[in-house]
Amino acid sequence: MRPFFSILLSVIAAIGCPLSLHAQFSGLVQMAQAQQVMSMFSYKGFIEAGYNAGVGYYKANKFEATTSHGLSSGNFFMGVGAGVDILKTEADEYTRWEEDMDLSDNAYMIPLFLDFRYMGSSPISAFVDAKTGVSFLVGNDYITINDGIIDNEACFYLSCSIGVRIALGSRSAFNLGVNYSLINQHYYRYDDYYYYDRYDGISLHSIGVVAGLEW
């Protein structure tokens with residue numbers, strides 16, 4: 001019986017050894033593939049500032065500063081970001097409602113967004129950028145605009161830029177472009193005596209310039 005068990009153990013060992021080697025080889029291949037995929041991506045950061053003038057019936061001029069951080073691969077970047085918007089709205093004269101509410105024609109908003117960007121690779125090239133997310137009014141409950149107010153609930157945020165990228169080094173660059181921005185916000189119309197029953201959403205459009213650094 002002992003020779004039989006010895007032969008059986010030898011057979012099992014002979015079969016198991018190639019299987020173990022195959023498993024180890026497969027693990028090494030998967031690790032190499034993962035490292036190859038990760039090597040295609042690298043960290044990149046941006047900081048930008050700009051000024052936009054409001055256009056349309058409901059107008060709000062704004063100064064905006066943002067920062068974005070994420071991964072780049074070749075000419076493409078995807079990341080997340082946040083910023084600060086300082087808004088100055090155009091409003092009619094205040095009514096008696098200002099005595100009962102925290103009203104102002106100056107506003108501070110905090111946008112939180114996803115950032116998608118295409119960047120040229122030559123020393124002087126073009127870039128296209130799109131930020132989309134939400135924005136929050138801070139510091140005031142309501143902001144006066146035209147003959148109504150906008151509230152402080154989260155609103156849709158979009159910022160698109162196109163311009164020139166000037167390389168400063170192997171990974172750093174200066175960006176200068178034109179920008180279009182959109183904020184959709186809840187809106188209430190009022191008069192000197194009562195609120196109307198209407199509750200609408202308005203779009204604040206603005207166009208301006210933006211400049212920034214990437215690294």
# chains A, B, ... in the order shown; residues from 1 in each chain; ligands from 1

$ residues_around --residues "A:Val80" --least-positions-apart "5" --cutoff "7 Å" --atoms "only C-alpha atoms" --output "list in words"
Ser68, His69, Gly70, Phe113, Leu114 and Asp115 of chain A

$ write_last_selection --atoms "C-alpha atoms" --output "PDB file, in the first residue's frame"
ATOM      1  CA  SER A  68      -9.979  71.138 -10.258  1.00  0.00           C
ATOM      2  CA  HIS A  69      -8.043  67.958  -9.515  1.00  0.00           C
ATOM      3  CA  GLY A  70      -8.084  64.601 -11.265  1.00  0.00           C
ATOM      4  CA  PHE A 113     -18.638  70.069 -10.299  1.00  0.00           C
ATOM      5  CA  LEU A 114     -17.167  67.427 -12.561  1.00  0.00           C
ATOM      6  CA  ASP A 115     -14.532  68.790 -14.931  1.00  0.00           C
TER       7      ASP A 115
END

$ atom_distance --atom1 "atom CA of A:Gly208" --atom2 "atom CA of A:Leu137"
21.0 Å

$ residues_around --residues "A:Gly120" --least-positions-apart "3" --cutoff "10 Å" --atoms "only C-alpha atoms" --output "NGL selection string"
:A and (74-76 or 123-128 or 164-167)

$ write_last_selection --atoms "C-alpha atoms" --output "PDB file, in the first residue's frame"
ATOM      1  CA  GLY A  74      -2.816  61.969 -23.217  1.00  0.00           C
ATOM      2  CA  ASN A  75      -4.796  65.048 -24.199  1.00  0.00           C
ATOM      3  CA  PHE A  76      -7.767  64.377 -21.925  1.00  0.00           C
ATOM      4  CA  PRO A 123       3.802  74.462 -26.964  1.00  0.00           C
ATOM      5  CA  ILE A 124       0.923  76.721 -28.054  1.00  0.00           C
ATOM      6  CA  SER A 125      -2.343  74.865 -28.580  1.00  0.00           C
ATOM      7  CA  ALA A 126      -6.078  74.972 -27.915  1.00  0.00           C
ATOM      8  CA  PHE A 127      -8.058  73.728 -24.947  1.00  0.00           C
ATOM      9  CA  VAL A 128     -11.748  73.015 -24.403  1.00  0.00           C
ATOM     10  CA  VAL A 164      -5.264  78.972 -25.833  1.00  0.00           C
ATOM     11  CA  ARG A 165      -2.921  76.794 -23.792  1.00  0.00           C
ATOM     12  CA  ILE A 166       0.694  78.018 -23.487  1.00  0.00           C
ATOM     13  CA  ALA A 167       3.084  75.396 -22.153  1.00  0.00           C
TER      14      ALA A 167
END

$ select_by_dssp --residues "stretch 32-138 of chain A" --states "strand (DSSP E or B)" --output "MDAnalysis selection string"
chainID A and resid 42:55 60:73 76:89 91 106:119 124:138

$ residues_around --residues "A:Thr144" --least-positions-apart "4" --cutoff "6 Å" --atoms "only C-alpha atoms" --output "count of residues only"
5

$ closest_residue --among "A:Phe77, A:Tyr118, A:Tyr142, A:Tyr58" --to "A:Ile183" --atoms "only C-alpha atoms"
A:Tyr58

$ residues_around --residues "A:Ala107" --least-positions-apart "2" --cutoff "12 Å" --atoms "only C-alpha atoms" --output "PyMOL selection string"
chain A and resi 60-64+84-90+102-105+109-110+135-145+149-152

$ atom_distance --atom1 "atom CA of A:Thr132" --atom2 "atom CA of A:Ser159"
6.5 Å

$ atom_distance --atom1 "atom CA of A:Phe116" --atom2 "atom CA of A:Glu214"
13.8 Å
